[in-house]
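> Have a peek at input-v4.cif (mmCIF, C-alpha atoms).
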data_run
#
loop_
_atom_site.label_atom_id
_atom_site.label_comp_id
_atom_site.auth_asym_id
_atom_site.auth_seq_id
_atom_site.Cartn_x
_atom_site.Cartn_y
_atom_site.Cartn_z
CA MET A 17 -21.97 19.61 -3.63
CA PRO A 18 -23.31 19.84 -0.06
CA HIS A 19 -20.66 20.69 2.48
CA ASP A 20 -22.61 21.00 5.69
CA ASP A 21 -20.28 19.58 8.30
CA HIS A 22 -17.52 17.92 6.27
CA PRO A 23 -18.16 14.30 7.23
CA HIS A 24 -15.68 13.31 4.54
CA THR A 25 -12.27 14.68 3.64
CA VAL A 26 -12.49 18.00 1.82
CA LEU A 27 -12.02 17.64 -1.91
CA PRO A 28 -8.87 19.40 -3.15
CA SER A 29 -9.14 22.12 -5.79
CA ASP A 30 -9.49 21.07 -9.43
CA PRO A 31 -5.84 21.83 -10.36
CA ALA A 32 -4.62 20.04 -7.22
CA LEU A 33 -6.61 16.95 -8.26
CA ARG A 34 -5.26 17.18 -11.81
CA VAL A 35 -1.66 17.26 -10.55
CA LYS A 36 -2.34 14.33 -8.25
CA THR A 37 -3.86 12.51 -11.20
CA LEU A 38 -0.76 12.98 -13.35
CA GLU A 39 1.44 11.89 -10.48
CA THR A 40 -0.59 8.69 -10.01
CA ILE A 41 -0.52 7.82 -13.71
CA LEU A 42 3.20 8.54 -14.14
CA THR A 43 4.14 6.69 -10.96
CA GLY A 44 2.12 3.68 -12.09
CA LYS A 45 4.04 3.63 -15.35
CA GLY A 46 7.37 4.03 -13.61
CA LEU A 47 8.00 7.37 -15.30
CA ILE A 48 8.50 9.22 -12.05
CA ASP A 49 9.47 8.34 -8.51
CA PRO A 50 7.48 10.12 -5.79
CA ALA A 51 10.58 10.24 -3.58
CA ALA A 52 12.42 12.14 -6.32
CA LEU A 53 9.58 14.68 -6.40
CA ASP A 54 9.88 15.21 -2.66
CA GLU A 55 13.61 15.72 -3.04
CA ILE A 56 13.11 18.32 -5.77
CA ILE A 57 10.55 20.24 -3.71
CA ASP A 58 12.72 20.12 -0.60
CA THR A 59 15.71 21.37 -2.56
CA TYR A 60 13.92 24.37 -4.01
CA GLN A 61 11.98 25.16 -0.86
CA ASN A 62 14.78 24.83 1.66
CA LYS A 63 18.22 24.52 0.14
CA ILE A 64 18.46 26.73 -2.92
CA GLY A 65 17.85 30.43 -2.77
CA PRO A 66 19.37 33.89 -3.16
CA GLN A 67 21.90 33.08 -0.43
CA ASN A 68 23.79 31.09 -3.09
CA GLY A 69 24.01 34.01 -5.48
CA ALA A 70 24.96 36.31 -2.61
CA ARG A 71 27.98 34.14 -1.84
CA VAL A 72 29.04 34.36 -5.48
CA VAL A 73 28.71 38.15 -5.56
CA ALA A 74 30.49 38.63 -2.23
CA ARG A 75 33.36 36.50 -3.47
CA ALA A 76 33.57 38.48 -6.69
CA TRP A 77 33.75 41.70 -4.67
CA ASP A 78 36.49 40.28 -2.48
CA GLU A 79 38.66 38.28 -4.89
CA PRO A 80 39.73 40.03 -8.12
CA ASP A 81 40.76 36.72 -9.71
CA PHE A 82 37.38 35.18 -9.01
CA ARG A 83 35.64 38.29 -10.32
CA ALA A 84 37.60 38.01 -13.58
CA ALA A 85 36.80 34.30 -13.85
CA LEU A 86 33.11 34.93 -13.13
CA LEU A 87 32.81 37.59 -15.79
CA GLU A 88 34.73 35.43 -18.24
CA ASP A 89 32.81 32.17 -17.72
CA ALA A 90 30.21 32.27 -14.97
CA THR A 91 28.98 28.72 -15.59
CA ALA A 92 32.43 27.34 -14.77
CA ALA A 93 33.05 29.77 -11.91
CA VAL A 94 29.81 28.98 -10.09
CA SER A 95 30.04 25.22 -10.68
CA GLU A 96 33.35 25.36 -8.91
CA MET A 97 31.38 26.66 -5.90
CA GLY A 98 28.94 23.75 -6.25
CA PHE A 99 26.13 25.57 -8.07
CA PHE A 100 25.01 23.60 -11.11
CA GLY A 101 22.12 24.20 -13.44
CA ARG A 102 19.95 21.09 -13.32
CA GLN A 103 18.64 21.93 -16.76
CA GLY A 104 22.11 22.33 -18.21
CA GLU A 105 21.74 26.04 -18.76
CA HIS A 106 24.57 28.54 -18.97
CA VAL A 107 24.99 31.38 -16.53
CA VAL A 108 26.28 34.78 -17.57
CA ALA A 109 27.35 37.31 -14.95
CA VAL A 110 26.80 40.95 -15.85
CA GLU A 111 28.47 43.56 -13.70
CA ASN A 112 26.98 46.89 -12.74
CA THR A 113 29.23 49.93 -13.05
CA PRO A 114 28.65 53.66 -12.61
CA GLU A 115 28.15 53.76 -16.39
CA ARG A 116 25.83 50.78 -16.78
CA HIS A 117 23.10 49.17 -14.71
CA ASN A 118 21.99 45.67 -15.70
CA MET A 119 18.51 44.25 -15.25
CA VAL A 120 17.20 40.77 -16.04
CA VAL A 121 13.83 39.66 -17.37
CA CYS A 122 12.39 36.67 -19.18
CA THR A 123 9.94 38.02 -21.70
CA LEU A 124 8.88 34.53 -22.84
CA CYS A 125 8.12 32.96 -19.47
CA SER A 126 10.24 32.95 -16.35
CA CYS A 127 13.73 31.66 -17.07
CA TYR A 128 15.85 32.44 -14.04
CA PRO A 129 19.17 31.29 -12.56
CA TRP A 130 17.61 28.70 -10.23
CA PRO A 131 20.85 27.33 -8.73
CA LEU A 132 21.85 30.83 -7.67
CA LEU A 133 18.55 32.51 -6.82
CA GLY A 134 16.01 29.71 -6.33
CA ILE A 135 12.46 29.99 -7.66
CA PRO A 136 11.58 33.43 -9.04
CA PRO A 137 9.22 35.70 -7.11
CA GLY A 138 5.67 36.16 -8.38
CA TRP A 139 6.32 39.60 -9.83
CA TYR A 140 9.14 38.23 -12.01
CA LYS A 141 6.61 35.86 -13.60
CA SER A 142 3.91 38.50 -14.03
CA ASP A 143 2.90 39.90 -17.40
CA ALA A 144 3.40 43.40 -15.99
CA TYR A 145 7.09 42.92 -15.27
CA ARG A 146 7.76 40.79 -18.34
CA SER A 147 6.28 43.35 -20.70
CA ARG A 148 7.44 46.54 -19.00
CA ALA A 149 11.05 45.66 -18.14
CA VAL A 150 12.14 45.96 -21.74
CA ARG A 151 9.81 48.82 -22.70
CA GLU A 152 10.34 51.15 -19.76
CA PRO A 153 13.08 49.83 -17.48
CA ARG A 154 13.62 53.11 -15.66
CA LYS A 155 9.96 53.32 -14.71
CA VAL A 156 10.06 49.73 -13.49
CA LEU A 157 13.17 50.51 -11.47
CA SER A 158 11.44 53.49 -9.88
CA ASP A 159 8.53 51.18 -8.90
CA PHE A 160 11.16 49.22 -7.01
CA GLY A 161 12.43 52.41 -5.40
CA VAL A 162 15.60 52.57 -7.50
CA THR A 163 16.57 55.86 -9.10
CA LEU A 164 19.70 55.84 -11.20
CA SER A 165 21.81 58.76 -12.26
CA PRO A 166 20.76 59.99 -15.73
CA ASP A 167 24.35 59.21 -16.79
CA THR A 168 23.90 55.52 -16.03
CA ALA A 169 22.69 53.49 -18.99
CA VAL A 170 20.27 50.61 -18.35
CA ARG A 171 20.87 47.34 -20.13
CA VAL A 172 18.07 44.75 -20.01
CA TRP A 173 18.99 41.10 -20.52
CA ASP A 174 16.32 38.69 -21.75
CA SER A 175 16.80 35.20 -20.32
CA THR A 176 16.18 32.02 -22.26
CA ALA A 177 16.03 28.32 -21.47
CA GLU A 178 19.74 28.07 -22.22
CA MET A 179 21.01 31.39 -20.91
CA ARG A 180 20.40 32.80 -17.42
CA TYR A 181 21.83 36.03 -16.08
CA LEU A 182 23.20 37.03 -12.70
CA VAL A 183 23.65 40.72 -12.02
CA VAL A 184 26.73 41.57 -9.97
CA PRO A 185 25.66 44.74 -8.15
CA MET A 186 28.16 47.47 -7.26
CA ARG A 187 29.90 46.98 -3.95
CA PRO A 188 28.62 49.54 -1.44
CA ASP A 189 31.01 52.12 -0.02
CA ASN A 190 32.47 51.77 3.47
CA THR A 191 32.76 47.99 3.30
CA GLU A 192 36.55 47.79 3.07
CA GLY A 193 37.96 44.89 5.03
CA TRP A 194 34.61 43.11 5.38
CA SER A 195 34.62 39.31 5.23
CA GLN A 196 32.76 37.55 2.41
CA ASP A 197 30.11 36.39 4.89
CA GLU A 198 29.52 39.97 5.98
CA LEU A 199 29.47 41.21 2.40
CA ALA A 200 26.96 38.52 1.39
CA ARG A 201 24.43 40.03 3.80
CA LEU A 202 24.38 43.16 1.64
CA VAL A 203 23.48 41.23 -1.50
CA THR A 204 19.71 41.03 -1.89
CA ARG A 205 17.83 38.88 -4.37
CA ASP A 206 16.55 41.95 -6.20
CA SER A 207 20.08 43.36 -6.49
CA MET A 208 21.04 40.19 -8.41
CA ILE A 209 18.02 40.56 -10.74
CA GLY A 210 18.87 44.22 -11.18
CA THR A 211 15.62 45.57 -9.75
CA GLY A 212 17.48 46.64 -6.63
CA LEU A 213 20.90 47.74 -5.42
CA ALA A 214 23.06 46.08 -2.82
CA LEU A 215 22.26 47.30 0.69
CA ARG A 216 24.41 49.99 2.22
CA PRO A 217 25.99 49.02 5.56
CA GLU A 218 23.59 51.33 7.43
CA GLU A 219 20.62 49.50 5.86
CA LEU A 220 21.55 46.20 7.51
CA GLU A 221 19.21 45.26 10.33
CA MET B 15 -4.12 48.85 -12.67
CA THR B 16 -3.05 45.99 -14.82
CA ASP B 17 0.37 47.52 -15.28
CA CYS B 18 1.15 47.46 -11.58
CA ILE B 19 3.88 45.17 -10.40
CA ASP B 20 2.68 43.92 -7.05
CA LEU B 21 5.72 44.19 -4.82
CA ALA B 22 3.76 43.90 -1.61
CA ALA B 23 2.60 40.34 -2.29
CA PRO B 24 4.02 37.79 0.14
CA GLU B 25 6.55 35.55 -1.49
CA PRO B 26 6.67 31.97 -0.31
CA VAL B 27 8.64 29.78 -2.69
CA PHE B 28 5.43 28.05 -3.73
CA GLN B 29 2.07 29.57 -2.87
CA GLU B 30 0.18 26.27 -3.02
CA PRO B 31 1.31 22.68 -2.58
CA TRP B 32 0.05 21.82 -6.06
CA HIS B 33 2.33 24.49 -7.57
CA ALA B 34 5.27 22.70 -5.99
CA GLN B 35 4.02 19.29 -7.16
CA ALA B 36 3.49 20.46 -10.73
CA PHE B 37 6.93 22.07 -10.75
CA ALA B 38 8.62 18.96 -9.34
CA LEU B 39 6.82 16.62 -11.75
CA THR B 40 8.10 18.67 -14.68
CA VAL B 41 11.67 18.95 -13.40
CA SER B 42 11.72 15.22 -12.70
CA LEU B 43 10.42 14.33 -16.17
CA ASN B 44 13.01 16.63 -17.73
CA GLU B 45 15.80 15.08 -15.69
CA SER B 46 14.76 11.58 -16.71
CA GLY B 47 14.86 12.63 -20.35
CA ALA B 48 11.14 12.89 -21.17
CA PHE B 49 11.78 16.29 -22.79
CA THR B 50 14.54 18.90 -22.92
CA TRP B 51 14.16 22.05 -20.88
CA ALA B 52 14.29 24.15 -24.03
CA ASP B 53 11.32 22.20 -25.42
CA TRP B 54 9.45 22.68 -22.18
CA VAL B 55 10.11 26.41 -22.13
CA GLY B 56 8.98 26.70 -25.74
CA ARG B 57 5.68 24.96 -25.03
CA PHE B 58 5.10 26.71 -21.73
CA SER B 59 5.71 30.16 -23.14
CA GLN B 60 3.16 29.44 -25.89
CA THR B 61 0.54 28.62 -23.29
CA LEU B 62 1.41 31.70 -21.25
CA LYS B 63 1.09 33.81 -24.35
CA GLN B 64 -2.36 32.39 -25.15
CA HIS B 65 -3.58 32.86 -21.58
CA GLY B 66 -2.12 36.37 -21.46
CA LEU B 67 -4.16 37.47 -24.47
CA SER B 68 -7.40 37.50 -22.52
CA LYS B 69 -6.11 38.84 -19.21
CA ASP B 70 -3.01 40.10 -17.47
CA LEU B 71 -1.34 37.20 -15.69
CA ASP B 72 -0.22 37.94 -12.14
CA GLY B 73 2.50 35.31 -11.98
CA GLY B 74 0.81 33.32 -9.20
CA ASP B 75 -2.03 30.82 -9.55
CA ASP B 76 -2.57 31.70 -13.20
CA TYR B 77 1.10 31.01 -13.91
CA PHE B 78 0.89 27.48 -12.57
CA ALA B 79 -2.51 26.97 -14.23
CA ALA B 80 -0.72 27.55 -17.53
CA TRP B 81 2.11 25.31 -16.35
CA LEU B 82 -0.28 22.44 -15.55
CA GLU B 83 -2.18 22.80 -18.81
CA THR B 84 1.12 22.61 -20.72
CA LEU B 85 2.22 19.55 -18.78
CA GLU B 86 -1.07 17.79 -19.53
CA GLN B 87 -0.70 18.57 -23.24
CA VAL B 88 2.91 17.39 -23.39
CA LEU B 89 2.08 14.13 -21.63
CA GLU B 90 -0.95 13.61 -23.83
CA GLU B 91 1.13 13.99 -26.97
CA SER B 92 3.84 11.65 -25.74
CA GLY B 93 1.21 9.09 -24.77
CA ALA B 94 2.36 9.07 -21.14
CA ALA B 95 -1.05 10.18 -19.88
CA ASN B 96 -4.01 10.33 -22.25
CA PRO B 97 -7.29 12.11 -21.51
CA ALA B 98 -9.19 8.88 -20.77
CA GLU B 99 -6.60 7.85 -18.19
CA ARG B 100 -6.73 11.31 -16.69
CA ASP B 101 -10.52 11.26 -16.43
CA ASP B 102 -10.55 7.80 -14.83
CA THR B 103 -7.83 8.56 -12.34
CA LYS B 104 -9.22 11.95 -11.41
CA ALA B 105 -12.67 10.43 -10.89
CA ALA B 106 -11.13 7.72 -8.71
CA TRP B 107 -9.35 10.33 -6.58
CA THR B 108 -12.55 12.35 -6.29
CA ARG B 109 -14.48 9.31 -5.09
CA ALA B 110 -11.69 8.46 -2.68
CA TYR B 111 -11.76 11.93 -1.13
CA LEU B 112 -15.52 12.00 -0.85
CA SER B 113 -15.71 8.57 0.73
CA THR B 114 -12.82 8.91 3.19
CA PRO B 115 -13.83 10.03 6.68
CA HIS B 116 -12.31 13.32 7.71
CA GLY B 117 -8.85 12.94 9.24
CA GLN B 118 -8.03 9.61 7.57
CA PRO B 119 -5.43 9.25 4.82
CA VAL B 120 -6.97 9.30 1.36
CA LYS B 121 -5.98 6.37 -0.84
CA LEU B 122 -7.05 4.99 -4.15
CA PRO B 123 -8.76 1.60 -3.90
CA ASP B 124 -6.19 0.02 -6.20
CA GLN B 125 -2.96 1.96 -6.49
CA SER B 126 -1.10 -0.65 -8.45
CA SER B 127 -3.36 -0.20 -11.46
CA THR B 128 -3.56 3.22 -13.01
CA SER B 129 -5.08 2.57 -16.38
CA SER B 130 -8.21 0.72 -15.36
CA ILE B 131 -9.41 2.17 -12.11
CA SER B 132 -13.10 1.50 -11.80
CA ASP B 133 -15.74 0.97 -9.20
#
Before anything else, please render the file you have as structure tokens.

Amino acid sequence: MPHDDHPHTVLPSDPALRVKTLETILTGKGLIDPAALDEIIDTYQNKIGPQNGARVVARAWDEPDFRAALLEDATAAVSEMGFFGRQGEHVVAVENTPERHNMVVCTLCSCYPWPLLGIPPGWYKSDAYRSRAVREPRKVLSDFGVTLSPDTAVRVWDSTAEMRYLVVPMRPDNTEGWSQDELARLVTRDSMIGTGLALRPEELE
Amino acid sequence: MTDCIDLAAPEPVFQEPWHAQAFALTVSLNESGAFTWADWVGRFSQTLKQHGLSKDLDGGDDYFAAWLETLEQVLEESGAANPAERDDTKAAWTRAYLSTPHGQPVKLPDQSSTSSISD
């Protein structure tokens, strides 16, 4: 197709046109509402992200009762904080200890605790991560710059449509007396997937 | 190497607007009861598996390509959007883009009718 000086509007890519096509057909049949689509995109782009999970972890570090409730029934504990799974999935919190490091993958596709962490990063959805996390978790961790003590076991959790996992990283040393807001700044997205550790106070910018 | 996990890649929530649109369409259809999320995940992981046989998926464009293909299949099977409707509507959008002067909003000639768009 000649594209000398773009007298007309540039044609979107083939997949972009196919999505637009579905949207037109479904809107015409009343099966979707374009305003609802905008709301969903806005929510996931701007409102939901790892900051939600970080608040949960910081609270678990700070409040022993909440920690116990979270480990007992994370779905209930996080809904109480206003974080609901739109797909009705259950959340399980798995706590790191000196004896055990937890790491989360979805070998089937990319199941992920959306309400707590938002949309997964590209690497979480890649074949490389999905296939290697189970096979060689320590090597994957070292790719992420994480080296665990040989005494620490690694447990890999495979997410499903119904079951999503949140890793509760270990609380860094020298954070006694910190507020939950301050603690939350130490909790990175990767530390809640288990491919990272919580930041140490000196790592904060 | 194919086994590399690309940690340096920039990570916007959605790399392309159409990724976001495809995602939102699917979430919206699920929430209105068109299919359960477990069903969706089952279908989507099948497509990912098929695509992953011939190459290593990087989790970006190829991920949403599999997503879109799955969505088209699911909607075809439910009768919500059959291939003829898709061809007609896509052709109508293509004509609309190619005939709209640069800078003007692109619209279909007749947006109230989706099943019989024609010249």
> Once the PyMOL selection byres ((chain A and resi 127) around 10) is applied to the coordinates I shared, what remains selected? I want it as an NGL selection string.
(:A and (105 or 120-126 or 128-130 or 135-136 or 140-141 or 174-181)) or (:B and (55))
> Starting from the PyMOL selection byres ((chain B and resi 81-89) around 9), expand the selection into actual residues of this file and give them as a ChimeraX atom specification.
/A:31,34-35,38 /B:33,36-37,39-40,49,54,57-58,60-62,76-80,90-97
> Output as JSON, numbers by chain the set of chain A residues within 7 Å of chain B, with distances taken over all atoms listed in the file.
{"A": [23, 24, 25, 26, 27, 32, 33, 34, 35, 37, 40, 41, 44, 48, 53, 56, 57, 61, 103, 124, 125, 135, 137, 138, 139, 141, 142, 143, 144, 145, 177, 178]}
> One number please: CA of Leu215 (chain A) to CA of Leu202 (chain A), in Å, one decimal.
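Here the two named atoms are 4.7 Å from each other.
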> Go through the shown structure with the PyMOL selection byres ((chain A and resi 77) around 9) and write out the matching residues as a VMD selection string.
chain A and resid 72 to 76 78 to 80 82 to 83 184 186 to 187 196 199
> Could you give me, as a VMD selection string, the residues within 9 Å of Asn190 (chain A), counting all atoms listed in the file and dropping anything in the same chain fewer than 3 positions from it?
chain A and resid 193 216 to 217
> Name the closest residue to Leu87 (chain A) among the candidates A:Ala70, A:Leu42, A:Val172, A:Ala109; distances are taken between atoms, counting all atoms listed in the file.
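Result for the nearest residue to Leu87 (chain A): A:Ala109.
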> Measure the distance from CA of Asp81 (chain A) to CA of His106 (chain A) in Å and round it to one decimal.
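CA of His106 (chain A) lies 20.4 Å from CA of Asp81 (chain A).
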> Which one is closest to Val150 (chain A): A:Thr191, A:Asn118, A:Asn112, A:Ser207? Count all atoms listed in the file.
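Using all atoms listed in the file, the shortest distance to Val150 (chain A) belongs to A:Asn118.
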> Output requested as a PDB file, in the coordinates of the input - region 101-122 of chain A, filled out with N, CA and C atoms.

ATOM      1  N   GLY A 101      23.444  24.114 -12.865  1.00  0.00           N
ATOM      2  CA  GLY A 101      22.120  24.200 -13.440  1.00  0.00           C
ATOM      3  C   GLY A 101      21.607  22.800 -13.725  1.00  0.00           C
ATOM      4  N   ARG A 102      20.492  22.435 -13.102  1.00  0.00           N
ATOM      5  CA  ARG A 102      19.950  21.090 -13.320  1.00  0.00           C
ATOM      6  C   ARG A 102      19.448  20.928 -14.737  1.00  0.00           C
ATOM      7  N   GLN A 103      19.147  22.021 -15.392  1.00  0.00           N
ATOM      8  CA  GLN A 103      18.640  21.930 -16.760  1.00  0.00           C
ATOM      9  C   GLN A 103      19.759  22.179 -17.770  1.00  0.00           C
ATOM     10  N   GLY A 104      20.982  22.194 -17.300  1.00  0.00           N
ATOM     11  CA  GLY A 104      22.110  22.330 -18.210  1.00  0.00           C
ATOM     12  C   GLY A 104      22.277  23.701 -18.815  1.00  0.00           C
ATOM     13  N   GLU A 105      21.684  24.701 -18.185  1.00  0.00           N
ATOM     14  CA  GLU A 105      21.740  26.040 -18.760  1.00  0.00           C
ATOM     15  C   GLU A 105      23.084  26.719 -18.454  1.00  0.00           C
ATOM     16  N   HIS A 106      23.368  27.747 -19.206  1.00  0.00           N
ATOM     17  CA  HIS A 106      24.570  28.540 -18.970  1.00  0.00           C
ATOM     18  C   HIS A 106      24.216  29.770 -18.142  1.00  0.00           C
ATOM     19  N   VAL A 107      25.173  30.167 -17.326  1.00  0.00           N
ATOM     20  CA  VAL A 107      24.990  31.380 -16.530  1.00  0.00           C
ATOM     21  C   VAL A 107      25.943  32.436 -17.052  1.00  0.00           C
ATOM     22  N   VAL A 108      25.442  33.644 -17.186  1.00  0.00           N
ATOM     23  CA  VAL A 108      26.280  34.780 -17.570  1.00  0.00           C
ATOM     24  C   VAL A 108      26.186  35.817 -16.458  1.00  0.00           C
ATOM     25  N   ALA A 109      27.344  36.268 -15.978  1.00  0.00           N
ATOM     26  CA  ALA A 109      27.350  37.310 -14.950  1.00  0.00           C
ATOM     27  C   ALA A 109      27.546  38.656 -15.621  1.00  0.00           C
ATOM     28  N   VAL A 110      26.689  39.604 -15.283  1.00  0.00           N
ATOM     29  CA  VAL A 110      26.800  40.950 -15.850  1.00  0.00           C
ATOM     30  C   VAL A 110      27.000  41.929 -14.706  1.00  0.00           C
ATOM     31  N   GLU A 111      28.042  42.740 -14.830  1.00  0.00           N
ATOM     32  CA  GLU A 111      28.470  43.560 -13.700  1.00  0.00           C
ATOM     33  C   GLU A 111      27.970  44.998 -13.830  1.00  0.00           C
ATOM     34  N   ASN A 112      27.379  45.486 -12.752  1.00  0.00           N
ATOM     35  CA  ASN A 112      26.980  46.890 -12.740  1.00  0.00           C
ATOM     36  C   ASN A 112      28.193  47.787 -12.533  1.00  0.00           C
ATOM     37  N   THR A 113      28.169  48.929 -13.194  1.00  0.00           N
ATOM     38  CA  THR A 113      29.230  49.930 -13.050  1.00  0.00           C
ATOM     39  C   THR A 113      28.539  51.293 -12.952  1.00  0.00           C
ATOM     40  N   PRO A 114      29.275  52.326 -12.629  1.00  0.00           N
ATOM     41  CA  PRO A 114      28.650  53.660 -12.610  1.00  0.00           C
ATOM     42  C   PRO A 114      28.068  54.015 -13.989  1.00  0.00           C
ATOM     43  N   GLU A 115      28.621  53.427 -15.037  1.00  0.00           N
ATOM     44  CA  GLU A 115      28.150  53.760 -16.390  1.00  0.00           C
ATOM     45  C   GLU A 115      26.975  52.898 -16.832  1.00  0.00           C
ATOM     46  N   ARG A 116      26.878  51.682 -16.279  1.00  0.00           N
ATOM     47  CA  ARG A 116      25.830  50.780 -16.780  1.00  0.00           C
ATOM     48  C   ARG A 116      25.194  49.966 -15.666  1.00  0.00           C
ATOM     49  N   HIS A 117      23.865  50.009 -15.632  1.00  0.00           N
ATOM     50  CA  HIS A 117      23.100  49.170 -14.710  1.00  0.00           C
ATOM     51  C   HIS A 117      22.453  48.049 -15.517  1.00  0.00           C
ATOM     52  N   ASN A 118      22.560  46.832 -15.006  1.00  0.00           N
ATOM     53  CA  ASN A 118      21.990  45.670 -15.700  1.00  0.00           C
ATOM     54  C   ASN A 118      20.728  45.202 -14.988  1.00  0.00           C
ATOM     55  N   MET A 119      19.789  44.703 -15.789  1.00  0.00           N
ATOM     56  CA  MET A 119      18.510  44.250 -15.250  1.00  0.00           C
ATOM     57  C   MET A 119      18.109  43.021 -16.048  1.00  0.00           C
ATOM     58  N   VAL A 120      17.511  42.042 -15.387  1.00  0.00           N
ATOM     59  CA  VAL A 120      17.200  40.770 -16.040  1.00  0.00           C
ATOM     60  C   VAL A 120      15.696  40.543 -16.085  1.00  0.00           C
ATOM     61  N   VAL A 121      15.240  39.997 -17.200  1.00  0.00           N
ATOM     62  CA  VAL A 121      13.830  39.660 -17.370  1.00  0.00           C
ATOM     63  C   VAL A 121      13.788  38.374 -18.176  1.00  0.00           C
ATOM     64  N   CYS A 122      12.629  37.717 -18.181  1.00  0.00           N
ATOM     65  CA  CYS A 122      12.390  36.670 -19.180  1.00  0.00           C
ATOM     66  C   CYS A 122      11.089  37.038 -19.841  1.00  0.00           C
TER      67      CYS A 122
END
